[in-house]
Structure formats: structure tokens, C-alpha cells
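A.B. asks: As input, take final-v6.txt (compact mmCIF, C-alpha atoms):
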# COMPACT_ATOMS: atom_id res chain seq x y z
CA MET A 1 24.74 9.16 -16.69
CA ASN A 2 24.91 5.37 -16.40
CA THR A 3 22.40 3.43 -14.32
CA ILE A 4 24.88 2.17 -11.70
CA LEU A 5 26.06 5.71 -10.93
CA CYS A 6 22.43 6.82 -10.70
CA LEU A 7 21.70 4.05 -8.19
CA GLY A 8 24.59 5.17 -6.02
CA ILE A 9 23.49 8.80 -6.12
CA VAL A 10 19.91 7.83 -5.27
CA LEU A 11 20.85 5.70 -2.24
CA VAL A 12 23.39 8.13 -0.79
CA GLY A 13 21.18 11.10 -1.62
CA ALA A 14 18.22 9.43 0.10
CA LEU A 15 20.23 8.99 3.29
CA VAL A 16 21.35 12.64 3.25
CA ALA A 17 17.81 13.84 2.51
CA GLU A 18 16.44 11.75 5.37
CA LYS A 19 18.92 13.25 7.86
CA ILE A 20 18.25 16.81 6.71
CA ILE A 21 14.48 16.55 6.71
CA SER A 22 14.39 14.74 10.06
CA TYR A 23 14.99 18.10 11.75
CA LEU A 24 11.58 19.18 10.42
CA LYS A 25 9.94 16.11 12.01
CA ILE A 26 8.85 14.86 8.58
CA PRO A 27 8.81 11.09 7.85
CA ALA A 28 11.67 9.56 5.90
CA ILE A 29 9.33 8.31 3.19
CA THR A 30 8.39 11.89 2.33
CA SER A 31 12.06 12.83 1.98
CA TYR A 32 12.57 9.98 -0.49
CA ILE A 33 9.65 11.10 -2.64
CA LEU A 34 10.83 14.73 -2.59
CA LEU A 35 14.34 13.59 -3.54
CA GLY A 36 12.90 11.60 -6.43
CA ILE A 37 11.04 14.68 -7.68
CA LEU A 38 14.26 16.72 -7.45
CA LEU A 39 16.41 14.12 -9.23
CA GLY A 40 13.75 13.14 -11.77
CA PRO A 41 13.50 14.04 -15.46
CA PHE A 42 11.16 16.96 -14.75
CA ALA A 43 13.64 18.75 -12.46
CA LEU A 44 17.44 18.10 -12.32
CA ASN A 45 17.18 15.02 -14.58
CA VAL A 46 19.86 13.10 -12.67
CA THR A 47 18.07 9.75 -12.86
CA GLY A 48 18.77 8.22 -16.23
CA GLU A 49 16.31 6.64 -18.61
CA GLY A 50 17.45 3.17 -17.57
CA LEU A 51 16.60 3.78 -13.94
CA ILE A 52 13.21 5.32 -14.76
CA ALA A 53 12.46 2.39 -17.04
CA SER A 54 13.15 0.02 -14.14
CA SER A 55 10.37 1.58 -12.01
CA GLU A 56 7.94 -1.20 -12.79
CA LEU A 57 10.52 -3.87 -11.87
CA PHE A 58 11.24 -2.21 -8.50
CA SER A 59 7.53 -1.70 -7.94
CA ASN A 60 6.69 -5.38 -8.38
CA ILE A 61 9.56 -6.54 -6.18
CA VAL A 62 8.94 -4.06 -3.37
CA LEU A 63 5.17 -4.59 -3.40
CA GLY A 64 5.89 -8.29 -3.01
CA PHE A 65 7.88 -7.58 0.16
CA ILE A 66 5.25 -5.16 1.49
CA ALA A 67 2.42 -7.63 0.88
CA PHE A 68 4.43 -10.44 2.51
CA HIS A 69 4.87 -8.32 5.65
CA ILE A 70 1.18 -7.39 5.68
CA GLY A 71 0.34 -11.10 5.82
CA LYS A 72 2.25 -11.41 9.09
CA ASN A 73 -0.51 -9.48 10.88
CA PHE A 74 -3.15 -12.10 10.10
CA SER A 75 -2.22 -14.62 12.76
CA ILE A 76 -5.08 -16.59 14.32
CA GLU A 77 -4.07 -15.47 17.82
CA ASN A 78 -4.48 -11.80 16.94
CA PHE A 79 -7.90 -12.27 15.41
CA LYS A 80 -9.27 -14.31 18.29
CA ARG A 81 -8.63 -11.31 20.52
CA ILE A 82 -9.59 -8.32 18.40
CA GLY A 83 -10.98 -9.91 15.26
CA LYS A 84 -14.58 -8.67 15.55
CA VAL A 85 -13.65 -5.03 16.02
CA VAL A 86 -10.96 -5.11 13.33
CA LEU A 87 -13.29 -6.78 10.85
CA PHE A 88 -16.17 -4.33 11.29
CA VAL A 89 -13.97 -1.23 11.40
CA SER A 90 -11.87 -2.24 8.38
CA ILE A 91 -14.87 -3.12 6.21
CA ALA A 92 -16.73 0.06 7.14
CA VAL A 93 -13.66 2.25 6.55
CA THR A 94 -12.95 0.60 3.20
CA VAL A 95 -16.52 0.88 1.90
CA ALA A 96 -17.02 4.45 3.13
CA THR A 97 -13.70 5.62 1.67
CA LEU A 98 -14.38 3.92 -1.67
CA ILE A 99 -17.81 5.56 -1.96
CA CYS A 100 -16.77 9.03 -0.78
CA VAL A 101 -13.72 9.30 -3.05
CA THR A 102 -15.39 7.77 -6.10
CA LEU A 103 -18.41 10.07 -5.85
CA GLY A 104 -16.23 13.08 -5.02
CA ILE A 105 -13.94 12.62 -8.02
CA TYR A 106 -16.89 11.88 -10.31
CA TYR A 107 -19.33 14.63 -9.28
CA VAL A 108 -17.04 17.38 -7.97
CA ALA A 109 -13.85 16.89 -10.02
CA HIS A 110 -15.89 15.80 -13.09
CA GLN A 111 -13.67 12.87 -14.04
CA PRO A 112 -14.88 9.81 -16.02
CA PHE A 113 -16.43 7.12 -13.84
CA HIS A 114 -13.71 4.54 -14.52
CA ILE A 115 -11.03 7.01 -13.38
CA SER A 116 -13.13 7.95 -10.32
CA LEU A 117 -13.57 4.26 -9.47
CA LEU A 118 -9.81 3.65 -9.55
CA PHE A 119 -9.20 6.69 -7.35
CA GLY A 120 -11.75 5.27 -4.91
CA ALA A 121 -10.12 1.83 -4.93
CA ILE A 122 -6.61 3.21 -4.40
CA SER A 123 -7.81 5.51 -1.60
CA THR A 124 -8.70 2.50 0.57
CA ALA A 125 -5.02 1.61 1.02
CA THR A 126 -3.15 2.83 4.10
CA ALA A 127 0.49 2.81 5.22
CA PRO A 128 1.25 0.04 7.73
CA ALA A 129 4.95 0.92 7.84
CA THR A 130 4.28 4.57 8.64
CA THR A 131 1.75 3.66 11.32
CA MET A 132 4.13 1.18 12.97
CA MET A 133 6.95 3.74 12.97
CA VAL A 134 4.77 6.16 14.98
CA ILE A 135 3.67 3.41 17.38
CA ARG A 136 7.27 2.32 17.98
CA GLN A 137 8.53 5.87 18.38
CA TYR A 138 6.04 6.64 21.14
CA ARG A 139 5.92 3.09 22.55
CA ALA A 140 2.13 3.00 22.31
CA ARG A 141 0.31 0.12 24.02
CA GLY A 142 -3.34 -0.74 24.49
CA LEU A 143 -6.54 -1.87 22.80
CA PHE A 144 -6.63 1.13 20.46
CA THR A 145 -3.10 0.35 19.27
CA ASP A 146 -3.88 -3.33 18.72
CA VAL A 147 -7.04 -2.52 16.72
CA LEU A 148 -5.12 0.08 14.71
CA LEU A 149 -2.40 -2.41 13.74
CA GLY A 150 -4.97 -5.04 12.78
CA THR A 151 -6.99 -2.56 10.74
CA VAL A 152 -4.08 -1.15 8.73
CA ALA A 153 -3.14 -4.72 7.84
CA ILE A 154 -6.55 -5.97 6.76
CA ASP A 155 -7.83 -2.84 5.01
CA ASP A 156 -4.90 -3.05 2.61
CA ALA A 157 -6.15 -6.56 1.82
CA TRP A 158 -9.64 -5.23 1.10
CA GLY A 159 -8.06 -2.46 -0.95
CA ILE A 160 -6.05 -4.87 -3.07
CA ILE A 161 -9.15 -6.97 -3.77
CA ILE A 162 -11.27 -3.92 -4.61
CA PHE A 163 -8.54 -2.52 -6.86
CA SER A 164 -8.24 -5.81 -8.77
CA VAL A 165 -11.95 -5.76 -9.60
CA SER A 166 -12.04 -2.00 -10.23
CA LEU A 167 -9.11 -2.12 -12.64
CA ALA A 168 -10.80 -4.82 -14.70
CA ILE A 169 -14.02 -2.79 -14.83
CA ALA A 170 -12.13 0.41 -15.67
CA GLN A 171 -10.38 -1.24 -18.62
CA VAL A 172 -13.75 -2.24 -20.09
CA LEU A 173 -15.30 1.18 -19.48
CA GLN A 174 -12.37 2.97 -21.11
CA ILE A 175 -12.75 0.88 -24.25
CA GLY A 176 -16.42 1.85 -24.29
CA GLN A 177 -17.82 -1.66 -24.73
CA PHE A 178 -20.11 -1.38 -21.75
CA SER A 179 -22.76 -3.97 -21.05
CA GLU A 180 -23.94 -5.86 -18.00
CA TRP A 181 -22.67 -9.14 -19.44
CA ILE A 182 -19.21 -7.76 -20.11
CA ILE A 183 -18.98 -6.27 -16.62
CA MET A 184 -20.15 -9.57 -15.14
CA ALA A 185 -17.62 -11.52 -17.20
CA VAL A 186 -14.81 -9.17 -16.20
CA THR A 187 -15.82 -9.36 -12.54
CA VAL A 188 -15.89 -13.16 -12.64
CA LYS A 189 -12.49 -13.15 -14.33
CA ALA A 190 -11.11 -10.81 -11.65
CA ALA A 191 -12.58 -13.03 -8.92
CA GLY A 192 -10.90 -16.03 -10.53
CA LYS A 193 -7.55 -14.22 -10.53
CA ILE A 194 -8.01 -13.35 -6.87
CA PHE A 195 -8.81 -16.97 -6.00
CA LEU A 196 -5.81 -18.30 -7.95
CA SER A 197 -3.55 -15.67 -6.35
CA VAL A 198 -4.65 -16.89 -2.92
CA ILE A 199 -3.99 -20.50 -3.91
CA LEU A 200 -0.54 -19.63 -5.30
CA GLY A 201 0.50 -17.81 -2.12
CA SER A 202 -0.80 -20.62 0.06
CA ILE A 203 1.11 -23.26 -1.90
CA ILE A 204 4.37 -21.28 -1.65
CA ALA A 205 3.79 -20.89 2.11
CA ILE A 206 3.25 -24.62 2.61
CA ILE A 207 6.42 -25.40 0.66
CA ALA A 208 8.36 -22.79 2.68
CA SER A 209 7.08 -24.24 5.94
CA LYS A 210 8.22 -27.75 4.95
CA ILE A 211 11.65 -26.58 3.80
CA SER A 212 12.25 -24.34 6.82
CA ILE A 213 13.33 -27.26 9.01
CA TYR A 214 16.37 -27.75 6.76
CA LEU A 215 17.45 -24.10 6.95
CA LYS A 216 19.84 -23.78 9.87
CA ARG A 217 21.98 -20.76 9.01
CA ARG A 218 20.59 -17.21 8.84
CA GLU A 219 22.15 -16.84 5.38
CA ASP A 220 20.20 -19.86 4.15
CA VAL A 221 16.95 -18.45 5.52
CA LEU A 222 17.60 -15.11 3.83
CA THR A 223 18.47 -16.66 0.48
CA PHE A 224 15.45 -18.93 0.52
CA ILE A 225 12.83 -16.36 1.57
CA LEU A 226 14.05 -13.78 -0.94
CA GLY A 227 13.92 -16.42 -3.66
CA ALA A 228 10.46 -17.57 -2.55
CA ILE A 229 9.03 -14.04 -2.64
CA LEU A 230 10.54 -13.40 -6.08
CA ILE A 231 9.27 -16.75 -7.41
CA ASN A 232 5.82 -16.05 -6.01
CA THR A 233 5.81 -12.58 -7.58
CA GLY A 234 7.19 -13.83 -10.89
CA VAL A 235 4.71 -16.69 -11.23
CA ALA A 236 1.84 -14.35 -10.39
CA LEU A 237 2.94 -11.86 -13.06
CA TYR A 238 3.49 -14.62 -15.63
CA PHE A 239 -0.07 -15.88 -15.23
CA HIS A 240 -1.49 -12.33 -14.89
CA LEU A 241 -2.47 -12.86 -11.25
CA SER A 242 -2.06 -10.41 -8.36
CA PRO A 243 1.45 -10.48 -6.86
CA LEU A 244 0.11 -8.40 -3.97
CA LEU A 245 -2.53 -10.93 -2.98
CA SER A 246 -0.32 -13.96 -3.59
CA ASN A 247 2.45 -12.57 -1.37
CA MET A 248 0.01 -11.39 1.29
CA PHE A 249 -1.43 -14.89 1.60
CA PHE A 250 2.10 -16.29 1.46
CA GLY A 251 2.80 -14.34 4.66
CA THR A 252 -0.61 -15.10 6.18
CA VAL A 253 -0.46 -18.86 5.72
CA LEU A 254 3.20 -19.02 6.71
CA VAL A 255 2.66 -17.18 10.02
CA ASN A 256 -0.15 -19.57 10.93
CA ILE A 257 1.34 -22.94 9.92
CA GLY A 258 5.08 -22.40 10.30
CA LYS A 259 6.93 -23.61 13.40
CA THR A 260 9.28 -20.60 13.43
CA PRO A 261 7.74 -18.24 10.86
CA PHE A 262 8.96 -14.98 12.35
CA ARG A 263 12.58 -15.71 11.48
CA PHE A 264 11.58 -15.34 7.82
CA PHE A 265 10.05 -11.91 8.43
CA ASP A 266 12.91 -10.77 10.67
CA THR A 267 15.49 -11.87 8.11
CA VAL A 268 13.79 -9.97 5.28
CA ASN A 269 13.62 -6.88 7.52
CA SER A 270 17.40 -6.80 7.63
CA VAL A 271 17.87 -6.33 3.87
CA ASP A 272 14.74 -4.84 2.31
CA TRP A 273 15.18 -1.18 3.33
CA PRO A 274 17.36 -0.12 0.31
CA LEU A 275 14.66 -1.52 -1.98
CA TYR A 276 12.02 0.57 -0.23
CA VAL A 277 14.25 3.62 -0.64
CA MET A 278 14.59 2.99 -4.37
CA PHE A 279 10.86 2.40 -4.66
CA TYR A 280 9.90 5.75 -3.14
CA VAL A 281 12.61 7.74 -4.91
CA LEU A 282 11.58 6.32 -8.28
CA ALA A 283 7.95 7.00 -7.46
CA GLY A 284 8.86 10.64 -6.95
CA ALA A 285 10.95 10.67 -10.12
CA ASN A 286 7.90 9.53 -12.09
CA LEU A 287 5.95 12.61 -11.01
CA ASN A 288 5.35 14.87 -13.99
CA ILE A 289 5.75 18.34 -12.54
CA GLY A 290 4.10 19.84 -15.60
CA LEU A 291 0.81 18.16 -14.76
CA LEU A 292 0.60 19.47 -11.19
CA SER A 293 -1.05 22.74 -12.21
CA SER A 294 -4.03 20.79 -13.57
CA LEU A 295 -4.31 18.52 -10.52
CA GLY A 296 -5.46 21.11 -8.01
CA LEU A 297 -9.14 20.25 -7.99
CA ILE A 298 -8.66 16.47 -8.31
CA GLY A 299 -6.03 16.40 -5.57
CA SER A 300 -8.08 18.58 -3.21
CA VAL A 301 -11.22 16.51 -3.73
CA TYR A 302 -9.25 13.30 -3.25
CA ILE A 303 -7.72 14.48 0.04
CA ILE A 304 -10.94 15.87 1.53
CA SER A 305 -13.23 13.00 0.43
CA ARG A 306 -10.73 10.41 1.68
CA ILE A 307 -10.56 12.07 5.11
CA VAL A 308 -14.36 12.14 5.31
CA GLY A 309 -14.55 8.47 4.31
CA ARG A 310 -11.94 7.36 6.86
CA ILE A 311 -13.55 9.18 9.79
CA ALA A 312 -17.15 8.29 8.91
CA GLY A 313 -16.30 4.65 8.16
CA ALA A 314 -14.29 4.09 11.33
CA TYR A 315 -17.00 5.68 13.48
CA THR A 316 -19.72 3.55 11.87
CA GLY A 317 -17.73 0.32 12.10
CA ALA A 318 -16.84 0.93 15.76
CA ILE A 319 -20.52 1.52 16.62
CA ILE A 320 -21.54 -1.71 14.88
CA ALA A 321 -18.80 -3.60 16.74
CA GLY A 322 -19.93 -2.06 20.05
CA THR A 323 -16.43 -1.02 21.02
CA GLU A 324 -15.18 1.81 23.23
CA GLN A 325 -15.51 5.55 22.59
CA SER A 326 -11.84 6.20 21.82
CA ILE A 327 -11.96 3.87 18.82
CA ARG A 328 -15.15 5.51 17.56
CA LYS A 329 -13.74 9.03 17.84
CA TYR A 330 -10.11 8.69 16.83
CA MET A 331 -9.57 5.55 14.72
CA GLY A 332 -10.42 7.35 11.46
CA LEU A 333 -7.75 9.99 12.11
CA ALA A 334 -5.19 7.28 12.88
CA LEU A 335 -5.83 5.73 9.44
CA MET A 336 -4.91 8.79 7.35
CA ALA A 337 -1.40 7.79 6.27
CA GLN A 338 -0.96 6.69 2.65
CA ALA A 339 2.26 5.40 1.12
CA GLY A 340 3.72 2.33 -0.58
CA VAL A 341 0.68 0.23 -1.41
CA ALA A 342 -1.25 3.21 -2.82
CA ILE A 343 1.69 4.29 -4.98
CA GLY A 344 2.17 0.71 -6.17
CA LEU A 345 -1.50 0.42 -7.14
CA ALA A 346 -1.27 3.77 -8.95
CA ILE A 347 1.74 2.53 -10.92
CA MET A 348 -0.26 -0.57 -11.86
CA ALA A 349 -3.11 1.69 -13.01
CA ARG A 350 -0.73 3.68 -15.21
CA THR A 351 0.71 0.50 -16.68
CA ASN A 352 -2.72 -0.94 -17.54
CA LEU A 353 -4.32 2.38 -18.58
CA PRO A 354 -1.49 4.31 -20.28
CA LYS A 355 -3.81 7.01 -21.66
CA THR A 356 -5.27 8.10 -18.34
CA GLY A 357 -3.15 6.35 -15.71
CA GLY A 358 -0.60 9.17 -15.60
CA THR A 359 -3.14 11.50 -13.99
CA ILE A 360 -3.87 8.90 -11.32
CA LEU A 361 -0.19 8.28 -10.53
CA ASN A 362 0.69 11.97 -10.32
CA THR A 363 -2.26 12.69 -8.05
CA ILE A 364 -1.50 9.77 -5.73
CA ILE A 365 2.19 10.68 -5.45
CA ALA A 366 1.38 14.35 -4.78
CA THR A 367 -1.27 13.53 -2.18
CA THR A 368 1.00 10.91 -0.60
CA VAL A 369 3.50 13.65 0.23
CA ILE A 370 0.69 15.53 2.03
CA TYR A 371 -0.64 12.41 3.75
CA GLU A 372 2.84 11.34 4.84
CA ILE A 373 3.29 14.71 6.53
CA LEU A 374 -0.17 14.92 8.12
CA GLY A 375 -0.76 11.17 8.62
CA PRO A 376 1.85 10.53 11.34
CA ILE A 377 0.74 13.69 13.17
CA ALA A 378 -2.87 12.50 13.11
CA THR A 379 -1.82 9.02 14.26
CA ARG A 380 0.15 10.39 17.20
CA TYR A 381 -2.77 12.66 18.17
CA SER A 382 -5.17 9.69 18.06
CA LEU A 383 -2.91 7.46 20.15
CA SER A 384 -2.51 10.24 22.69
CA LYS A 385 -6.26 10.87 22.93
CA ALA A 386 -6.88 7.12 23.30
CA GLY A 387 -4.45 7.04 26.24
CA ASP A 388 -2.10 4.51 24.61
CA ILE A 389 1.02 6.68 24.70
Render the structure in this file as C-alpha cells.

C.D. replies:
Amino acid sequence: MNTILCLGIVLVGALVAEKIISYLKIPAITSYILLGILLGPFALNVTGEGLIASSELFSNIVLGFIAFHIGKNFSIENFKRIGKVVLFVSIAVTVATLICVTLGIYYVAHQPFHISLLFGAISTATAPATTMMVIRQYRARGLFTDVLLGTVAIDDAWGIIIFSVSLAIAQVLQIGQFSEWIIMAVTVKAAGKIFLSVILGSIIAIIASKISIYLKRREDVLTFILGAILINTGVALYFHLSPLLSNMFFGTVLVNIGKTPFRFFDTVNSVDWPLYVMFYVLAGANLNIGLLSSLGLIGSVYIISRIVGRIAGAYTGAIIAGTEQSIRKYMGLALMAQAGVAIGLAIMARTNLPKTGGTILNTIIATTVIYEILGPIATRYSLSKAGDI
């Protein structure tokens, strides 16, 4: 089956799957992943080799869009109001989740440390899109909601940074050339890539802000911002930087220095959904069904240890910030969802560690299905208990 026909089947099939599964009150993202599993080479084998081979291309493009949207949440106005609470909660949640999952996978699931470390790094990512869908559906308003939105934005930033360093360390550990000097050199190199990624995104944002005054038509805005995101992503990949960080800071700097920055984000929102659909369907298609039988312990440990880390971290961070009881009790539950960023990081892990990355990707995709079913339920419960619905 040719690639163009496969694309058509995937997009139309995704829409049908979304409508069918909506009656079960399950998020659309989950239906896309399940459709990908069904159409993939390990089930009906409808998706051709060309489409599967394009997974990395779609991943890089879509992650660029996701990261750009995450940057929108880092406006100065937002952080003046809730910055202290968001900062403490996000750091505590990220650190606690990283430690709990890494130790759980290492000691309970008995995986090598470099694999455990990558699981821990990926587990820190959340699902801003899923969280916002729940908030919009129930029209939630209040301090808890504001802190939740800020936290899901910034903890993905921490997750991306942690993953960048962890991946570099994991590559060295897998080779077996372990020494303190090598780890230090790799860490410094990773830090340099992070710094250059930030600089790249900031430069693109400044250029976009200057050019925006000449963009009068909506079509011109759309063409320019799509091109800018792709250029930013492409340059980052060419110089082996992080397209996630560069696009996140592209959005962050743009929303703070631009005169009318939100028209860029609103314009992208009108066209990026089919790309997200393709991203999740292809993620499901990459799931090797044959490996699922051996993932029971790893997947269970990952799910349980991540839940423990989210709840414990949010509670600790809220106490340090001195905020209200509802945030202490329920913020961890509201941060359960896991989707695009985690899958994207897992795909990057498989690309850079082909020998062992498949296990990571399959586990993350399988657990994402579970988290995308339970996550929105937990978020709604938390918002209700906090009195924001």
C-alpha cells in the first residue's frame, strides 16, 4: 500500500476512532494510539514501511509545535502572580518523580542503571494538552487551576533538560567507558547544547518579533510561523541541539517581547491538529505487540513509582511554598496525564540507543494509554475537590 493512501486511511480512521471511543468517555489521544496499534505492522499491517519510516520526521516536527506552545505559558505576567508556587511545586514533582521511577526500575524491575535513568527522565513529562482539554471541558477557574496550568508547562521544561543530560550519560554507560571524567565531560557537553538551544530559540523569537509588524494577513502569519518553527527545529537538529528546548524558548521569548504574540499561537492552533493525529497514530504503530508480554513488571513499576513521585513531590513542593491545602492534597493527582512529550522523548531514546531504546518506547506507549485513560479522570477529580469546577 502506497504512503499517500496510508496517510488518508490514518487520518479518516483517526476521526472515526475518536467518534466511536468518545462514547466511552476516553480521550481522543488514546483512540489515536489504539488505532495506530491496530493499523501497525504488528497487527493489521495497514501502515506501510514508508509511513513507519517517517515516524522520526513527524516526531521532530510535532515536538517542535508542542514545545512552541509550552513556551506560551511562560509569560512574565503569569509568573508574577503564581511563580513561587509553580516553581516550588514543579521542581519538587520533577525531582521526586525522577528519583522514584529511576530507583523503582533499577531495584524492582532489575534494569540497567542507564535504562532506569532514562525511564526516570521521561517520567517527569506531563501532558499539557490533555490537562487543558479537561479544564476547558469543565470550565475550571481558580488558583488551583492556574497553578496546575503553570506547573504542567514548566515541568515539561525541567523534563526536557533532565532528559538531555540523562541521554548523554546513558550513551556513555551503555558503551561501558565509565569514569568520572567522562561523565563530567558528557554533562558539560549536554549543558552546552542546552545553552545553545536556548540561544537559538531566543534569536528566532527576536527575528519573528521584528518581522511580525510586516505580516498583515492571517495567511502570511501562518506561513511565517510554520516556517520559523521548522527552521528552528532543522537548525537545532543539524547542530545536534535540542529542538524541544529551542522551540520552547522560541515561544517563551516571543510571548514576552512580541507586541501581538498570541496571533502566532492562535494561527498555529488552526492547522496543527492533523499533525498531532499522525504523531499519535504512528507512535501506536511503532508499538511491538510481541514485546508486551515481557513488559509487565517494568510497566507496572513505572506506573506505580510515577504516581508515588507525582503525589509526594507535589505535596512537598506545596508545603515549601506555603500554599493552600487543596494544592497540597490534589495537585499530584492532577499531574498524572502523560502523552506527546513523553512519547517524543522515548522515540529520541530509541533513535540514540537502538539496542535498548525499543523497550523504553514500548513501555512508554503502553503506559501512556493507561495514563491517558486515568489521567483526565484524576484531573477532573482534583479540580472538583479544589472547588474550581

A.B. asks: For range 115-229 of chain A versus range 251-262 of chain A, which residues have an atom no more than 7 Å away, and what is each residue's nearest atom pair and distance in Å rounded to one decimal, using all atoms listed in the file, chain-then-number order, as CSV?

C.D. replies:
residue,atom,partner,partner_atom,distance
A:Ser202,CA,A:Val253,CA,5.9
A:Ala205,CA,A:Leu254,CA,5.0
A:Ile206,CA,A:Leu254,CA,6.9
A:Ser209,CA,A:Gly258,CA,5.1

A.B. asks: Hey, can you check how far CA of Arg310 in chain A sits from CA of Val86 in chain A?

C.D. replies: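 We find that CA of Arg310 in chain A and CA of Val86 in chain A lie 14.1 Å from each other.
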
A.B. asks: Between CA of Ser326 in chain A and CA of Ala386 in chain A, what is the spacing in Å?

C.D. replies: 5.3 Å

A.B. asks: Which one of A:Leu282, A:Leu345, A:Leu35, A:Ile304 sits closest to Ile160 in chain A if you count all atoms listed in the file?

C.D. replies: A:Leu345

A.B. asks: My list of candidates is A:Lys193, A:Leu51, A:Leu173, A:Ile82. Which is closest to Gly142 in chain A when distances are computed with all atoms listed in the file?

C.D. replies: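 Of all the options, A:Ile82 lies closest to Gly142 in chain A.
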
A.B. asks: Rounded to one decimal in Å, what is the spacing between CA of Ser166 in chain A and CA of Val308 in chain A?

C.D. replies: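 The value is 21.1 Å.
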
A.B. asks: Check the smallest atom-to-atom distance from each of A:Gly159, A:Thr151, A:Ala285, A:Gly357 to Leu44 in chain A using only C-alpha atoms, then report the winner.

C.D. replies: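 With only C-alpha atoms as the atom set, the closest residue is A:Ala285.
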
A.B. asks: Just checking: using only C-alpha atoms, which residue out of A:Val165, A:Met248, A:Leu143, A:Ile229 ends up closest to Gln325 in chain A?

C.D. replies: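 Nearest candidate to Gln325 in chain A out of A:Val165, A:Met248, A:Leu143, A:Ile229: A:Leu143.
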
A.B. asks: Measuring atom to atom with only C-alpha atoms, identify which of A:Ile61, A:Ile20, A:Ala153, A:Leu200 is nearest to Thr126 in chain A.

C.D. replies: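 For Thr126 in chain A, the nearest of the given residues is A:Ala153.
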
A.B. asks: Identify, on the basis of all atoms listed in the file, every residue whose closest approach to Leu98 in chain A does not exceed 8 Å; exclude the query and any residue fewer than 4 positions from it along the same chain; express the result as a list in words.

C.D. replies: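 Counting all atoms listed in the file, the residues come to Thr94, Thr102, Leu117, Gly120, Ala121, Ser123, Thr124 and Gly309 of chain A.
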
A.B. asks: Calculated over only C-alpha atoms, which of the candidates A:Leu11, A:Val85, A:Ile364, A:Ala318 has the smallest distance to Ala349 in chain A?

C.D. replies: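 Checking each candidate against Ala349 in chain A, we get A:Ile364 as the closest.
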
A.B. asks: Find the residues around Ala236 in chain A up to 10 Å (all atoms listed in the file counted), leave out those fewer than 2 positions away in its own chain, and share them as a list in words.

C.D. replies: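 Returned residues: Lys193, Leu196, Ser197, Leu200, Gly201, Leu230, Ile231, Asn232, Thr233, Gly234, Tyr238, Phe239, His240, Leu241, Ser242, Pro243, Leu244, Leu245, Ser246 and Asn247 of chain A.
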
A.B. asks: Which polymer residues have any atom within 12 Å of an atom of Gly83 in chain A, counting all atoms listed in the file, with same-chain residues fewer than 4 positions away left out, as number ranges by chain?

C.D. replies: A: 73-79, 87-91, 143, 146-151, 153-154, 321, 323

A.B. asks: Can you tell me which residues surround Thr3 in chain A at a distance of at most 10 Å, considering only C-alpha atoms, apart from same-chain residues fewer than 6 positions away, and format the answer as a ChimeraX atom specification?

C.D. replies: /A:9,47-52,54

A.B. asks: Would you mind listing what lies within 9 Å of Tyr315 in chain A as a PyMOL selection string, with only C-alpha atoms counted and same-chain residues fewer than 4 positions away left out?

C.D. replies: chain A and resi 89+92-93+310-311+319-320+327-332
